[in-house]
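Below is the file coords_31.txt, which contains compact mmCIF, C-alpha atoms.
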```
# COMPACT_ATOMS: atom_id res chain seq x y z
CA MET A 1 28.45 -4.04 -29.78
CA ALA A 2 27.01 -7.50 -30.44
CA ASN A 3 27.09 -8.25 -26.72
CA ARG A 4 24.94 -5.22 -25.90
CA THR A 5 22.34 -6.27 -28.47
CA ASP A 6 22.34 -9.84 -27.15
CA GLN A 7 22.03 -8.60 -23.56
CA LYS A 8 19.19 -6.27 -24.45
CA ALA A 9 17.34 -9.07 -26.24
CA ASN A 10 17.79 -11.35 -23.24
CA THR A 11 16.52 -8.81 -20.71
CA SER A 12 13.35 -8.15 -22.65
CA THR A 13 12.27 -11.80 -22.39
CA PRO A 14 10.49 -12.57 -19.11
CA THR A 15 12.32 -15.14 -17.03
CA ASN A 16 10.91 -18.15 -15.30
CA PRO A 17 13.57 -20.03 -13.38
CA THR A 18 11.46 -23.20 -13.33
CA GLY A 19 10.31 -23.16 -16.95
CA SER A 20 11.88 -23.77 -20.30
CA ALA A 21 12.74 -20.97 -22.72
CA ASP A 22 9.68 -21.92 -24.81
CA THR A 23 7.40 -21.59 -21.77
CA GLN A 24 8.94 -18.23 -20.98
CA ARG A 25 8.14 -16.92 -24.44
CA THR A 26 4.61 -18.30 -24.71
CA ALA A 27 3.12 -18.19 -21.19
CA ALA A 28 0.82 -15.27 -20.45
CA PRO A 29 1.85 -12.77 -17.78
CA ALA A 30 -1.07 -13.90 -15.60
CA LYS A 31 0.32 -17.44 -15.47
CA LEU A 32 3.89 -16.45 -14.60
CA LEU A 33 3.46 -13.23 -12.61
CA PHE A 34 0.09 -13.71 -10.92
CA ALA A 35 -0.23 -17.48 -10.46
CA ASP A 36 -1.37 -16.85 -6.87
CA LEU A 37 -4.16 -14.43 -7.79
CA ASP A 38 -7.13 -16.77 -7.29
CA VAL A 39 -5.83 -17.93 -3.91
CA GLU A 40 -5.18 -14.35 -2.75
CA MET A 41 -8.68 -13.24 -3.76
CA ALA A 42 -10.33 -16.27 -2.12
CA THR A 43 -8.40 -15.70 1.13
CA THR A 44 -9.40 -12.04 1.14
CA ARG A 45 -13.04 -12.91 0.56
CA ARG A 46 -13.04 -15.40 3.46
CA MET A 47 -11.60 -12.69 5.73
CA LEU A 48 -14.20 -10.12 4.63
CA GLU A 49 -17.03 -12.61 5.21
CA ARG A 50 -16.08 -12.74 8.91
CA VAL A 51 -16.41 -8.99 9.58
CA PRO A 52 -19.20 -8.71 12.15
CA ASP A 53 -22.07 -6.31 11.53
CA GLY A 54 -22.78 -3.72 14.21
CA LYS A 55 -19.11 -3.06 15.03
CA ASP A 56 -18.36 -0.52 12.28
CA ASP A 57 -16.92 2.13 14.60
CA TRP A 58 -14.72 -0.29 16.59
CA ARG A 59 -10.96 0.25 16.39
CA PRO A 60 -8.15 -1.39 18.36
CA HIS A 61 -6.38 1.93 18.95
CA GLN A 62 -7.19 5.61 18.47
CA LYS A 63 -4.63 5.81 15.63
CA SER A 64 -6.14 2.80 13.83
CA ARG A 65 -8.84 2.83 11.19
CA THR A 66 -12.29 1.76 12.25
CA LEU A 67 -13.37 -1.77 11.37
CA ASN A 68 -15.66 -0.35 8.68
CA GLU A 69 -12.91 1.83 7.17
CA LEU A 70 -10.42 -1.04 7.03
CA ALA A 71 -12.85 -3.65 5.72
CA THR A 72 -14.23 -1.26 3.10
CA HIS A 73 -10.71 -0.34 1.96
CA ILE A 74 -9.89 -4.04 1.56
CA ALA A 75 -13.14 -4.70 -0.31
CA GLN A 76 -12.54 -1.95 -2.86
CA LEU A 77 -8.74 -2.32 -3.22
CA PRO A 78 -8.92 -4.52 -6.36
CA GLY A 79 -10.52 -1.44 -7.93
CA PHE A 80 -7.11 0.22 -7.69
CA GLY A 81 -5.72 -2.75 -9.61
CA ILE A 82 -8.39 -2.18 -12.28
CA LEU A 83 -7.28 1.43 -12.52
CA MET A 84 -3.66 0.34 -12.90
CA LEU A 85 -4.58 -2.06 -15.69
CA THR A 86 -6.78 0.37 -17.61
CA ARG A 87 -4.85 3.66 -17.31
CA ASP A 88 -1.20 4.59 -17.70
CA GLU A 89 -1.16 6.94 -14.73
CA TYR A 90 -3.21 8.09 -11.78
CA ASP A 91 -3.11 11.27 -9.74
CA GLY A 92 -3.70 10.39 -6.09
CA GLY A 93 -4.47 14.02 -5.32
CA THR A 94 -7.86 13.68 -6.97
CA ALA A 95 -10.65 12.46 -4.74
CA VAL A 96 -12.29 9.22 -5.78
CA PRO A 97 -15.55 8.52 -3.99
CA GLU A 98 -15.28 5.39 -1.85
CA PRO A 99 -18.20 3.01 -1.51
CA THR A 100 -20.22 3.21 1.69
CA PRO A 101 -21.47 -0.30 2.46
CA SER A 102 -23.76 -0.63 5.44
CA CYS A 103 -23.03 -4.27 6.26
CA CYS A 104 -20.71 -7.21 5.71
CA SER A 105 -22.67 -8.65 2.80
CA GLU A 106 -22.49 -5.34 0.91
CA ARG A 107 -18.70 -5.23 1.39
CA VAL A 108 -18.38 -8.79 0.08
CA GLU A 109 -20.58 -7.85 -2.89
CA ILE A 110 -18.29 -4.89 -3.70
CA PHE A 111 -15.25 -7.14 -3.38
CA ASP A 112 -16.76 -9.80 -5.65
CA GLU A 113 -17.50 -7.21 -8.33
CA VAL A 114 -14.11 -5.48 -8.36
CA SER A 115 -12.02 -8.62 -7.79
CA GLY A 116 -13.84 -10.38 -10.64
CA GLU A 117 -13.11 -7.51 -13.02
CA PHE A 118 -9.52 -7.26 -11.77
CA LYS A 119 -8.93 -10.99 -12.40
CA ARG A 120 -10.47 -10.68 -15.87
CA LEU A 121 -8.11 -7.83 -16.74
CA VAL A 122 -5.06 -9.64 -15.34
CA ASN A 123 -5.92 -12.67 -17.49
CA GLN A 124 -6.03 -10.43 -20.60
CA LEU A 125 -2.70 -8.75 -19.80
CA THR A 126 -0.09 -8.98 -22.55
CA TRP A 127 3.66 -8.83 -22.00
CA ASP A 128 3.78 -5.40 -23.64
CA GLN A 129 1.16 -4.10 -21.21
CA ALA A 130 2.80 -5.83 -18.23
CA MET A 131 6.17 -4.25 -18.95
CA SER A 132 4.85 -0.81 -19.93
CA PRO A 133 5.33 1.97 -17.37
CA TRP A 134 2.62 2.92 -14.91
CA THR A 135 2.90 6.20 -13.03
CA LEU A 136 1.47 7.43 -9.74
CA LYS A 137 1.29 11.18 -9.32
CA PHE A 138 0.12 13.35 -6.48
CA ARG A 139 -1.26 16.74 -7.48
CA GLY A 140 0.65 16.61 -10.74
CA GLN A 141 4.00 15.57 -9.23
CA GLU A 142 5.31 12.10 -10.08
CA VAL A 143 5.62 9.88 -7.00
CA PHE A 144 6.90 6.81 -8.84
CA SER A 145 6.86 5.06 -12.17
CA ALA A 146 7.74 1.42 -12.86
CA PRO A 147 6.64 -1.52 -14.99
CA ARG A 148 2.89 -1.99 -14.61
CA ALA A 149 3.05 -5.64 -13.50
CA GLN A 150 5.58 -4.81 -10.78
CA LEU A 151 3.31 -2.09 -9.38
CA VAL A 152 0.16 -4.20 -9.65
CA ARG A 153 1.96 -6.77 -7.50
CA SER A 154 3.30 -4.30 -4.90
CA ALA A 155 0.67 -1.55 -4.82
CA MET A 156 -2.32 -3.86 -5.09
CA LEU A 157 -1.65 -7.50 -4.17
CA THR A 158 0.97 -6.98 -1.47
CA HIS A 159 -0.95 -3.97 -0.19
CA LEU A 160 -4.08 -6.13 -0.02
CA ALA A 161 -2.27 -8.86 1.95
CA HIS A 162 -0.94 -6.21 4.38
CA HIS A 163 -4.41 -4.87 5.16
CA ARG A 164 -5.89 -8.37 5.24
CA ALA A 165 -3.39 -9.23 8.00
CA GLN A 166 -4.50 -6.13 9.92
CA LEU A 167 -8.10 -7.27 9.56
CA GLY A 168 -7.10 -10.64 11.01
CA VAL A 169 -5.86 -8.86 14.14
CA TYR A 170 -9.12 -6.91 14.38
CA LEU A 171 -11.11 -10.14 14.11
CA ARG A 172 -8.99 -11.81 16.80
CA LEU A 173 -9.47 -8.87 19.18
CA LEU A 174 -13.22 -9.01 18.52
CA ASP A 175 -13.15 -12.75 19.31
CA VAL A 176 -14.23 -13.67 15.77
CA SER A 177 -12.86 -16.85 14.21
CA VAL A 178 -9.91 -15.98 11.95
CA PRO A 179 -9.71 -17.94 8.68
CA SER A 180 -6.50 -19.60 7.61
CA SER A 181 -4.35 -17.60 5.24
CA TYR A 182 -0.80 -18.64 4.34
CA GLY A 183 -1.00 -21.32 6.97
CA PRO A 184 -3.37 -22.41 9.71
CA SER A 185 -4.87 -19.89 12.11
CA ALA A 186 -5.59 -20.71 15.75
CA ASP A 187 -9.17 -21.34 14.56
CA GLU A 188 -8.75 -23.21 11.29
CA GLN A 189 -6.46 -25.50 9.38
CA PRO A 190 -5.25 -24.27 5.98
CA VAL A 191 -7.64 -24.44 3.06
CA PRO A 192 -6.52 -27.13 0.58
CA ARG A 193 -5.20 -25.60 -2.63
```

Spell out the structure here as structure tokens.
Amino acid sequence: MANRTDQKANTSTPTNPTGSADTQRTAAPAKLLFADLDVEMATTRRMLERVPDGKDDWRPHQKSRTLNELATHIAQLPGFGILMLTRDEYDGGTAVPEPTPSCCSERVEIFDEVSGEFKRLVNQLTWDQAMSPWTLKFRGQEVFSAPRAQLVRSAMLTHLAHHRAQLGVYLRLLDVSVPSSYGPSADEQPVPR
């Protein structure tokens, strides 16, 4: 019985393979779980700044989103992270009005607003909040539920990087200079960190 109690106590403490036990107990979730947040947001902003005006309806394939749809989705995606950090569940079957920017600068402005609020909320995140369950439903049916921090990482940050990579392909096909991301692009060297 003592082993189960000890194991349970050990699993509730966040782990950091590179840090000491004291660091693990005192570091904020933002520092350990989202250390890359500023870099990810800056990379996304650089990509959005390159979206050319006047090409909103362009798409590389009939099954692809238009440039405007993809860029707008990327710009507002940190808003989904805000929702995840301020609610315990969300029903994806309810329509949320999407912004309708008319140009690149408006998309960047939307991104700056929602990414700033998202970063603020991540920096206020406690371990209790990070480990509490977050649930996605669709028309009342549960799709998944997992620790909030895990879903913020996968459903927001990884999702954002996925669409950002798609946008890089769009920019290349439009012959627009592609900014560096996780390494150099054919147009730029990596941004110093």

Point-to-point distance from CA of Tyr182 in chain A to CA of Leu33 in chain A, Å rounded to tenths: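 Taking CA of Tyr182 in chain A and CA of Leu33 in chain A, their separation equals 18.3 Å.
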
Point (0.0, -3.1, -22.2) neighbourhood (12 Å, all atoms listed in the file) written as a ChimeraX atom specification: /A:29,84-88,121-122,124-134,147-149

Separation of CA of Pro101 in chain A from CA of Trp58 in chain A in Å: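 So the answer is 15.7 Å.
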
Polymer residues at most 12 Å from His162 in chain A, only C-alpha atoms, same-chain spacing of 5 or more positions, as a list in words: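 Within the cut-off, the hits are Glu40, Thr44, Leu70, His73, Ile74, Leu77, Ser154, Ala155, Met156, Leu157, Leu167, Gly168, Val169 and Ser181 of chain A.
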
Please produce a file of those selected residues containing C-alpha atoms, as a PDB file, in the frame of the given file.
```
ATOM      1  CA  GLU A  40      -5.180 -14.350  -2.750  1.00  0.00           C
ATOM      2  CA  THR A  44      -9.400 -12.040   1.140  1.00  0.00           C
ATOM      3  CA  LEU A  70     -10.420  -1.040   7.030  1.00  0.00           C
ATOM      4  CA  HIS A  73     -10.710  -0.340   1.960  1.00  0.00           C
ATOM      5  CA  ILE A  74      -9.890  -4.040   1.560  1.00  0.00           C
ATOM      6  CA  LEU A  77      -8.740  -2.320  -3.220  1.00  0.00           C
ATOM      7  CA  SER A 154       3.300  -4.300  -4.900  1.00  0.00           C
ATOM      8  CA  ALA A 155       0.670  -1.550  -4.820  1.00  0.00           C
ATOM      9  CA  MET A 156      -2.320  -3.860  -5.090  1.00  0.00           C
ATOM     10  CA  LEU A 157      -1.650  -7.500  -4.170  1.00  0.00           C
ATOM     11  CA  LEU A 167      -8.100  -7.270   9.560  1.00  0.00           C
ATOM     12  CA  GLY A 168      -7.100 -10.640  11.010  1.00  0.00           C
ATOM     13  CA  VAL A 169      -5.860  -8.860  14.140  1.00  0.00           C
ATOM     14  CA  SER A 181      -4.350 -17.600   5.240  1.00  0.00           C
TER      15      SER A 181
END
```

Å distance separating CA of Arg120 in chain A from CA of Thr72 in chain A, one decimal place: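 Separation between CA of Arg120 in chain A and CA of Thr72 in chain A: 21.5 Å.
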
Polymer residues at most 10 Å from (-18.2, -14.9, 8.8) by only C-alpha atoms, as a list in words: Arg45, Arg46, Met47, Leu48, Glu49, Arg50, Val51, Pro52, Asp53, Cys104, Ser105, Val176, Ser177, Val178 and Pro179 of chain A

Distance criterion (only C-alpha atoms): nearest to Gly79 in chain A out of A:Ser185, A:Thr66, A:Arg172, A:Asp112: A:Asp112

Selected residue, from A:Ser180, A:Ser102, A:Gln141, A:Thr94, that lies nearest to Ala71 in chain A when counting all atoms listed in the file: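 Closest residue, counting all atoms listed in the file: A:Ser102.
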
Shortest interatomic distance to Gly183 in chain A - which of A:Gln62, A:Thr43, A:Gln76, A:Thr100, counting all atoms listed in the file: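 Checking each of A:Gln62, A:Thr43, A:Gln76, A:Thr100 against Gly183 in chain A, counting all atoms listed in the file, the winner is A:Thr43.
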
Regenerate range 104-138 of chain A at the level of N, CA and C atoms and dump it as an mmCIF file, keeping the file's coordinate frame.
```
data_model
loop_
_atom_site.group_PDB
_atom_site.id
_atom_site.type_symbol
_atom_site.label_atom_id
_atom_site.label_comp_id
_atom_site.auth_asym_id
_atom_site.auth_seq_id
_atom_site.Cartn_x
_atom_site.Cartn_y
_atom_site.Cartn_z
ATOM 1 N N CYS A 104 -21.701 -6.265 6.220
ATOM 2 C CA CYS A 104 -20.710 -7.210 5.710
ATOM 3 C C CYS A 104 -21.056 -7.709 4.317
ATOM 4 N N SER A 105 -22.301 -8.088 4.100
ATOM 5 C CA SER A 105 -22.670 -8.650 2.800
ATOM 6 C C SER A 105 -22.494 -7.637 1.670
ATOM 7 N N GLU A 106 -22.709 -6.361 1.945
ATOM 8 C CA GLU A 106 -22.490 -5.340 0.910
ATOM 9 C C GLU A 106 -21.001 -5.190 0.600
ATOM 10 N N ARG A 107 -20.146 -5.290 1.628
ATOM 11 C CA ARG A 107 -18.700 -5.230 1.390
ATOM 12 C C ARG A 107 -18.258 -6.414 0.529
ATOM 13 N N VAL A 108 -18.744 -7.595 0.842
ATOM 14 C CA VAL A 108 -18.380 -8.790 0.080
ATOM 15 C C VAL A 108 -18.874 -8.647 -1.366
ATOM 16 N N GLU A 109 -20.044 -8.068 -1.548
ATOM 17 C CA GLU A 109 -20.580 -7.850 -2.890
ATOM 18 C C GLU A 109 -19.677 -6.895 -3.686
ATOM 19 N N ILE A 110 -19.224 -5.819 -3.048
ATOM 20 C CA ILE A 110 -18.290 -4.890 -3.700
ATOM 21 C C ILE A 110 -17.013 -5.629 -4.073
ATOM 22 N N PHE A 111 -16.485 -6.396 -3.125
ATOM 23 C CA PHE A 111 -15.250 -7.140 -3.380
ATOM 24 C C PHE A 111 -15.425 -8.111 -4.539
ATOM 25 N N ASP A 112 -16.527 -8.850 -4.556
ATOM 26 C CA ASP A 112 -16.760 -9.800 -5.650
ATOM 27 C C ASP A 112 -16.776 -9.102 -7.004
ATOM 28 N N GLU A 113 -17.405 -7.939 -7.062
ATOM 29 C CA GLU A 113 -17.500 -7.210 -8.330
ATOM 30 C C GLU A 113 -16.122 -6.731 -8.792
ATOM 31 N N VAL A 114 -15.392 -6.041 -7.911
ATOM 32 C CA VAL A 114 -14.110 -5.480 -8.360
ATOM 33 C C VAL A 114 -13.035 -6.559 -8.501
ATOM 34 N N SER A 115 -13.041 -7.569 -7.649
ATOM 35 C CA SER A 115 -12.020 -8.620 -7.790
ATOM 36 C C SER A 115 -12.267 -9.449 -9.041
ATOM 37 N N GLY A 116 -13.533 -9.660 -9.406
ATOM 38 C CA GLY A 116 -13.840 -10.380 -10.640
ATOM 39 C C GLY A 116 -13.346 -9.629 -11.868
ATOM 40 N N GLU A 117 -13.579 -8.319 -11.892
ATOM 41 C CA GLU A 117 -13.110 -7.510 -13.020
ATOM 42 C C GLU A 117 -11.585 -7.432 -13.029
ATOM 43 N N PHE A 118 -10.981 -7.300 -11.865
ATOM 44 C CA PHE A 118 -9.520 -7.260 -11.770
ATOM 45 C C PHE A 118 -8.918 -8.552 -12.314
ATOM 46 N N LYS A 119 -9.448 -9.702 -11.911
ATOM 47 C CA LYS A 119 -8.930 -10.990 -12.400
ATOM 48 C C LYS A 119 -9.103 -11.103 -13.913
ATOM 49 N N ARG A 120 -10.236 -10.630 -14.427
ATOM 50 C CA ARG A 120 -10.470 -10.680 -15.870
ATOM 51 C C ARG A 120 -9.409 -9.873 -16.611
ATOM 52 N N LEU A 121 -9.111 -8.685 -16.103
ATOM 53 C CA LEU A 121 -8.110 -7.830 -16.740
ATOM 54 C C LEU A 121 -6.703 -8.414 -16.638
ATOM 55 N N VAL A 122 -6.373 -9.002 -15.501
ATOM 56 C CA VAL A 122 -5.060 -9.640 -15.340
ATOM 57 C C VAL A 122 -4.922 -10.774 -16.359
ATOM 58 N N ASN A 123 -5.973 -11.543 -16.547
ATOM 59 C CA ASN A 123 -5.920 -12.670 -17.490
ATOM 60 C C ASN A 123 -5.809 -12.219 -18.947
ATOM 61 N N GLN A 124 -6.162 -10.968 -19.243
ATOM 62 C CA GLN A 124 -6.030 -10.430 -20.600
ATOM 63 C C GLN A 124 -4.710 -9.688 -20.804
ATOM 64 N N LEU A 125 -3.937 -9.522 -19.758
ATOM 65 C CA LEU A 125 -2.700 -8.750 -19.800
ATOM 66 C C LEU A 125 -1.690 -9.368 -20.767
ATOM 67 N N THR A 126 -1.148 -8.533 -21.640
ATOM 68 C CA THR A 126 -0.090 -8.980 -22.550
ATOM 69 C C THR A 126 1.259 -8.605 -21.942
ATOM 70 N N TRP A 127 2.327 -9.175 -22.494
ATOM 71 C CA TRP A 127 3.660 -8.830 -22.000
ATOM 72 C C TRP A 127 3.972 -7.357 -22.246
ATOM 73 N N ASP A 128 3.547 -6.822 -23.375
ATOM 74 C CA ASP A 128 3.780 -5.400 -23.640
ATOM 75 C C ASP A 128 3.106 -4.528 -22.591
ATOM 76 N N GLN A 129 1.872 -4.858 -22.250
ATOM 77 C CA GLN A 129 1.160 -4.100 -21.210
ATOM 78 C C GLN A 129 1.826 -4.293 -19.844
ATOM 79 N N ALA A 130 2.195 -5.526 -19.528
ATOM 80 C CA ALA A 130 2.800 -5.830 -18.230
ATOM 81 C C ALA A 130 4.090 -5.052 -18.018
ATOM 82 N N MET A 131 4.871 -4.907 -19.072
ATOM 83 C CA MET A 131 6.170 -4.250 -18.950
ATOM 84 C C MET A 131 6.103 -2.743 -19.223
ATOM 85 N N SER A 132 4.965 -2.243 -19.671
ATOM 86 C CA SER A 132 4.850 -0.810 -19.930
ATOM 87 C C SER A 132 4.815 -0.037 -18.614
ATOM 88 N N PRO A 133 5.271 1.215 -18.626
ATOM 89 C CA PRO A 133 5.330 1.970 -17.370
ATOM 90 C C PRO A 133 3.947 2.381 -16.873
ATOM 91 N N TRP A 134 3.812 2.380 -15.566
ATOM 92 C CA TRP A 134 2.620 2.920 -14.910
ATOM 93 C C TRP A 134 3.128 3.948 -13.913
ATOM 94 N N THR A 135 2.433 5.088 -13.833
ATOM 95 C CA THR A 135 2.900 6.200 -13.030
ATOM 96 C C THR A 135 1.860 6.636 -12.016
ATOM 97 N N LEU A 136 2.311 6.841 -10.791
ATOM 98 C CA LEU A 136 1.470 7.430 -9.740
ATOM 99 C C LEU A 136 1.958 8.856 -9.545
ATOM 100 N N LYS A 137 1.003 9.773 -9.588
ATOM 101 C CA LYS A 137 1.290 11.180 -9.320
ATOM 102 C C LYS A 137 0.481 11.630 -8.118
ATOM 103 N N PHE A 138 0.903 12.717 -7.538
ATOM 104 C CA PHE A 138 0.120 13.350 -6.480
ATOM 105 C C PHE A 138 0.108 14.837 -6.764
#
```
